[in-house]
>>> print(open('protein_23.cif').read())   # mmCIF, C-alpha atoms
data_my_file
#
loop_
_atom_site.label_atom_id
_atom_site.label_comp_id
_atom_site.auth_asym_id
_atom_site.auth_seq_id
_atom_site.Cartn_x
_atom_site.Cartn_y
_atom_site.Cartn_z
CA MET X 492 -7.99 -10.44 -9.02
CA PRO X 493 -7.64 -8.30 -5.91
CA VAL X 494 -10.87 -6.95 -4.44
CA LEU X 495 -11.00 -3.73 -2.43
CA VAL X 496 -13.36 -3.88 0.55
CA LEU X 497 -14.76 -0.56 1.79
CA ASN X 498 -16.42 0.03 5.12
CA ALA X 499 -20.00 1.33 5.05
CA SER X 500 -18.41 4.78 5.52
CA LEU X 501 -16.36 4.28 2.29
CA GLN X 502 -13.10 3.89 4.23
CA PRO X 503 -10.86 1.28 2.59
CA LEU X 504 -10.50 -1.73 4.89
CA SER X 505 -8.52 -4.35 3.03
CA VAL X 506 -7.75 -6.09 -0.21
CA ILE X 507 -9.09 -9.63 -0.34
CA PRO X 508 -8.77 -12.52 -2.81
CA GLU X 509 -11.67 -13.45 -5.10
CA ARG X 510 -12.43 -16.53 -3.04
CA ARG X 511 -13.20 -14.39 0.02
CA LEU X 512 -15.38 -12.16 -2.18
CA VAL X 513 -17.54 -15.14 -3.10
CA VAL X 514 -17.99 -15.97 0.60
CA LEU X 515 -18.97 -12.39 1.45
CA LEU X 516 -21.43 -12.32 -1.45
CA THR X 517 -23.11 -15.57 -0.43
CA LYS X 518 -23.50 -14.25 3.12
CA ASN X 519 -24.96 -10.95 1.81
CA LYS X 520 -22.33 -8.90 3.65
CA VAL X 521 -21.24 -6.67 0.75
CA ALA X 522 -22.65 -4.73 -2.17
CA PHE X 523 -20.88 -3.73 -5.38
CA VAL X 524 -20.23 -0.05 -5.98
CA ASP X 525 -20.32 -0.49 -9.78
CA GLU X 526 -23.27 -2.17 -11.49
CA GLN X 527 -21.26 -3.33 -14.53
CA VAL X 528 -18.66 -5.01 -12.32
CA ARG X 529 -21.48 -6.68 -10.34
CA GLN X 530 -22.93 -8.17 -13.53
CA ALA X 531 -19.52 -9.36 -14.73
CA ILE X 532 -18.76 -11.00 -11.35
CA GLU X 533 -22.18 -12.68 -11.16
CA GLU X 534 -21.75 -14.05 -14.68
CA GLY X 535 -18.25 -15.21 -13.75
CA ILE X 536 -19.55 -16.98 -10.64
CA ASN X 537 -22.19 -18.77 -12.70
CA ALA X 538 -19.56 -19.76 -15.27
CA ARG X 539 -17.14 -20.69 -12.45
CA HIS X 540 -14.48 -18.38 -13.88
CA LEU X 541 -14.15 -14.87 -12.49
CA PRO X 542 -12.85 -12.08 -14.74
CA ALA X 543 -9.37 -11.00 -13.73
CA ASP X 544 -9.00 -7.73 -15.64
CA GLU X 545 -11.32 -5.29 -13.84
CA PRO X 546 -10.60 -3.81 -10.43
CA VAL X 547 -13.42 -4.79 -8.08
CA ILE X 548 -14.65 -2.59 -5.24
CA VAL X 549 -17.28 -3.75 -2.76
CA GLN X 550 -18.79 -1.99 0.23
CA LEU X 551 -19.74 -3.65 3.50
CA LEU X 552 -23.41 -3.28 4.34
CA ALA X 553 -22.64 -2.76 8.04
CA ASN X 554 -19.99 -0.45 9.45
CA VAL X 555 -17.01 -2.18 11.10
CA ARG X 556 -14.92 -0.52 13.81
CA VAL X 557 -11.26 -0.70 12.86
CA PRO X 558 -8.58 -0.40 15.55
CA ARG X 559 -5.60 1.77 14.69
CA MET X 560 -2.51 -0.23 13.91
CA ALA X 561 1.03 1.06 13.98
CA LEU X 562 3.08 0.13 10.94
CA ARG X 563 6.42 -1.45 11.56
CA PRO X 564 9.52 -0.43 9.62
CA THR X 565 9.86 -3.61 7.57
CA ARG X 566 11.90 -3.81 4.37
CA ALA X 567 8.76 -3.76 2.22
CA ASN X 568 7.34 -0.75 4.10
CA ILE X 569 10.61 1.21 3.91
CA LEU X 570 10.89 0.55 0.15
CA LEU X 571 7.27 1.57 -0.28
CA ARG X 572 7.76 4.76 1.74
CA ASP X 573 10.88 5.69 -0.25
CA ASP X 574 9.21 4.79 -3.58
CA ASP X 575 11.96 2.32 -4.56
CA THR X 576 14.42 5.22 -4.79
CA CYS X 577 17.93 5.37 -3.33
CA GLN X 578 17.83 8.12 -0.72
CA TYR X 579 21.45 9.09 -1.41
CA CYS X 580 21.79 9.22 -5.22
CA GLY X 581 18.16 9.13 -6.37
CA LYS X 582 18.51 5.97 -8.48
CA HIS X 583 15.08 4.35 -8.99
CA GLU X 584 15.23 0.54 -9.07
CA ARG X 585 13.73 -2.56 -7.46
CA ASP X 586 16.99 -4.11 -6.25
CA LEU X 587 17.64 -1.80 -3.29
CA THR X 588 19.05 -2.51 0.14
CA LEU X 589 18.26 -0.88 3.46
CA ASP X 590 20.80 1.38 5.11
CA HIS X 591 21.02 2.52 8.71
CA ILE X 592 21.81 6.25 8.67
CA ILE X 593 23.49 5.88 12.06
CA PRO X 594 25.19 2.50 11.63
CA ARG X 595 24.12 -0.33 13.91
CA SER X 596 27.74 -0.80 14.91
CA ARG X 597 27.62 2.75 16.31
CA GLY X 598 24.35 2.39 18.19
CA GLY X 599 21.84 3.00 15.38
CA GLN X 600 18.43 1.39 15.75
CA GLY X 601 16.06 -0.15 13.21
CA THR X 602 13.53 2.70 13.36
CA TRP X 603 11.58 4.61 10.70
CA GLU X 604 13.87 7.63 11.18
CA ASN X 605 17.09 5.62 10.87
CA LEU X 606 16.32 3.31 7.92
CA VAL X 607 16.35 4.34 4.25
CA ALA X 608 16.27 2.61 0.88
CA CYS X 609 19.71 2.60 -0.69
CA CYS X 610 21.34 1.23 -3.85
CA ARG X 611 24.18 -1.23 -3.40
CA ALA X 612 26.82 1.23 -4.64
CA CYS X 613 25.84 3.93 -2.12
CA ASN X 614 25.49 1.40 0.67
CA GLY X 615 29.00 0.09 -0.04
CA ARG X 616 30.39 3.63 -0.26
CA LYS X 617 28.89 4.61 3.10
CA GLY X 618 29.67 1.38 4.92
CA ASN X 619 29.49 1.71 8.69
CA ARG X 620 30.39 5.41 8.75
CA TYR X 621 28.37 8.54 9.39
CA LEU X 622 27.06 10.53 6.43
CA LYS X 623 29.25 13.56 7.22
CA ASP X 624 32.37 11.35 7.26
CA VAL X 625 31.73 10.19 3.69
CA GLY X 626 30.35 13.48 2.31
CA MET X 627 26.90 12.02 1.55
CA ARG X 628 23.50 13.61 2.09
CA LEU X 629 19.95 12.34 2.19
CA ILE X 630 17.55 13.38 -0.55
CA ARG X 631 14.63 13.26 1.86
CA GLN X 632 14.63 13.07 5.64
CA PRO X 633 13.10 9.72 6.68
CA LYS X 634 9.98 9.74 8.82
CA PRO X 635 7.34 7.24 9.86
CA LEU X 636 4.49 6.65 7.47
CA ASP X 637 1.61 8.85 8.55
CA HIS X 638 -0.93 7.07 6.37
CA GLU X 639 -3.75 5.33 8.11
CA TYR X 640 -3.15 1.61 7.88
CA ALA X 641 -6.34 1.07 5.89
CA GLY X 642 -5.23 3.29 3.02
CA PHE X 643 -1.60 2.22 3.14
CA PHE X 644 -2.09 -1.08 1.32
CA LEU X 645 -3.60 0.77 -1.64
CA LEU X 646 -0.06 1.86 -2.50
CA ARG X 647 0.64 -1.76 -3.43
CA TYR X 648 -2.30 -1.93 -5.86
CA PRO X 649 -2.14 1.04 -8.26
CA ARG X 650 -5.13 -0.11 -10.39
CA LEU X 651 -7.30 -0.50 -7.29
CA ARG X 652 -6.15 2.90 -5.99
CA GLU X 653 -7.10 4.55 -9.30
CA ALA X 654 -10.50 2.82 -9.31
CA TYR X 655 -11.11 3.88 -5.69
CA GLN X 656 -10.18 7.51 -6.42
CA ALA X 657 -12.44 7.51 -9.49
CA TYR X 658 -15.27 6.09 -7.38
CA LEU X 659 -14.80 8.80 -4.73
CA LEU X 660 -14.83 11.50 -7.43
CA SER X 661 -18.00 10.08 -8.95
CA ALA X 662 -19.61 9.93 -5.50
CA GLN X 663 -18.74 13.61 -4.96
CA VAL X 664 -20.27 14.58 -8.31
CA LYS X 665 -23.49 12.73 -7.47
CA THR X 666 -23.86 14.49 -4.10
CA ALA X 667 -23.04 17.94 -5.49
#
>>> encode(input="protein_23.cif", output="structure tokens")
Amino acid sequence: MPVLVLNASLQPLSVIPERRLVVLLTKNKVAFVDEQVRQAIEEGINARHLPADEPVIVQLLANVRVPRMALRPTRANILLRDDDTCQYCGKHERDLTLDHIIPRSRGGQGTWENLVACCRACNGRKGNRYLKDVGMRLIRQPKPLDHEYAGFFLLRYPRLREAYQAYLLSAQVKTA
């Protein structure tokens, strides 16, 4: 059961395991944003078995300053940026490779702008040649992720992202 931790300003900070949630609760560092989830978690703690089906969102009681972190172009981050889609043919699958647009053998670097997700067939077709030499084109020009690091990890947890967006909408309705 992943748990989303929000700063006091409602900025997403991280996703933590349930064990860390129990520690934060015992130290009175967080508060639940949903009363029903709070009751279910407290009952689960008493029964020594936490429910695993509901997304859990907690808010820190004190604001924490978060330094900006630059994301590195790792395989997981490139696949996440490109939405598991081949950037040459548009095939959507999990078994993708990474391709250097300017091949490494020709001076290409491992940067955000030079790496794309690619299916094996397109990667084999392109090889170590330039796109114009093979008659291939990119579907989308690669660029660095411009997401703040704090919100970036929400892409990996769709149920938590949906719960967070619903919470923000409900918070807007209450203030309006």
>>> closest_atom_pairs(input="protein_23.cif", of="region 544-657 of chain X", to="region 512-527 of chain X", cutoff="9 Å", atoms="all atoms listed in the file", output="tab-separated table")
residue	atom	partner	partner_atom	distance
X:Val547	CA	X:Phe523	CA	8.0
X:Ile548	CA	X:Val524	CA	6.2
X:Val549	CA	X:Phe523	CA	4.5
X:Gln550	CA	X:Ala522	CA	5.3
X:Leu551	CA	X:Val521	CA	4.4
X:Leu552	CA	X:Val521	CA	5.4
X:Ala553	CA	X:Lys520	CA	7.6
>>> write_last_selection(input="protein_23.cif", atoms="C-alpha atoms", output="PDB file, in the frame of the given file")
ATOM      1  CA  VAL X 547     -13.420  -4.790  -8.080  1.00  0.00           C
ATOM      2  CA  ILE X 548     -14.650  -2.590  -5.240  1.00  0.00           C
ATOM      3  CA  VAL X 549     -17.280  -3.750  -2.760  1.00  0.00           C
ATOM      4  CA  GLN X 550     -18.790  -1.990   0.230  1.00  0.00           C
ATOM      5  CA  LEU X 551     -19.740  -3.650   3.500  1.00  0.00           C
ATOM      6  CA  LEU X 552     -23.410  -3.280   4.340  1.00  0.00           C
ATOM      7  CA  ALA X 553     -22.640  -2.760   8.040  1.00  0.00           C
TER       8      ALA X 553
END
>>> residues_around(input="protein_23.cif", residues="region 624-630 of chain X", least_positions_apart="4", cutoff="8 Å", atoms="all atoms listed in the file", output="PyMOL selection string")
chain X and resi 578-581+616-617+620
>>> atom_distance(input="protein_23.cif", atom1="CA of Arg566 (chain X)", atom2="CA of Asp586 (chain X)")
11.8 Å
>>> closest_residue(input="protein_23.cif", among="X:Asn498, X:Gln530, X:Asn568, X:Thr576", to="Cys609 (chain X)", atoms="only C-alpha atoms")
X:Thr576
>>> closest_residue(input="protein_23.cif", among="X:Gly599, X:Pro635, X:Pro558, X:Gly618", to="Leu504 (chain X)", atoms="all atoms listed in the file")
X:Pro558
>>> atom_distance(input="protein_23.cif", atom1="CA of Pro503 (chain X)", atom2="CA of Pro546 (chain X)")
14.0 Å
>>> closest_residue(input="protein_23.cif", among="X:Ile569, X:Arg585, X:Ser505, X:Val494", to="Leu606 (chain X)", atoms="all atoms listed in the file")
X:Ile569
>>> resolve_selection(input="protein_23.cif", expression="the PyMOL selection byres ((chain X and resi 633) around 7)", output="PyMOL selection string")
chain X and resi 603-604+607+631-632+634
>>> resolve_selection(input="protein_23.cif", expression="the PyMOL selection byres ((chain X and resi 544) around 12)", output="MDAnalysis selection string")
chainID X and resid 492:494 528 531:532 541:543 545:547 650:651
>>> write_last_selection(input="protein_23.cif", atoms="C-alpha atoms", output="PDB file, in the coordinates of the input")
ATOM      1  CA  MET X 492      -7.990 -10.440  -9.020  1.00  0.00           C
ATOM      2  CA  PRO X 493      -7.640  -8.300  -5.910  1.00  0.00           C
ATOM      3  CA  VAL X 494     -10.870  -6.950  -4.440  1.00  0.00           C
ATOM      4  CA  VAL X 528     -18.660  -5.010 -12.320  1.00  0.00           C
ATOM      5  CA  ALA X 531     -19.520  -9.360 -14.730  1.00  0.00           C
ATOM      6  CA  ILE X 532     -18.760 -11.000 -11.350  1.00  0.00           C
ATOM      7  CA  LEU X 541     -14.150 -14.870 -12.490  1.00  0.00           C
ATOM      8  CA  PRO X 542     -12.850 -12.080 -14.740  1.00  0.00           C
ATOM      9  CA  ALA X 543      -9.370 -11.000 -13.730  1.00  0.00           C
ATOM     10  CA  GLU X 545     -11.320  -5.290 -13.840  1.00  0.00           C
ATOM     11  CA  PRO X 546     -10.600  -3.810 -10.430  1.00  0.00           C
ATOM     12  CA  VAL X 547     -13.420  -4.790  -8.080  1.00  0.00           C
ATOM     13  CA  ARG X 650      -5.130  -0.110 -10.390  1.00  0.00           C
ATOM     14  CA  LEU X 651      -7.300  -0.500  -7.290  1.00  0.00           C
TER      15      LEU X 651
END
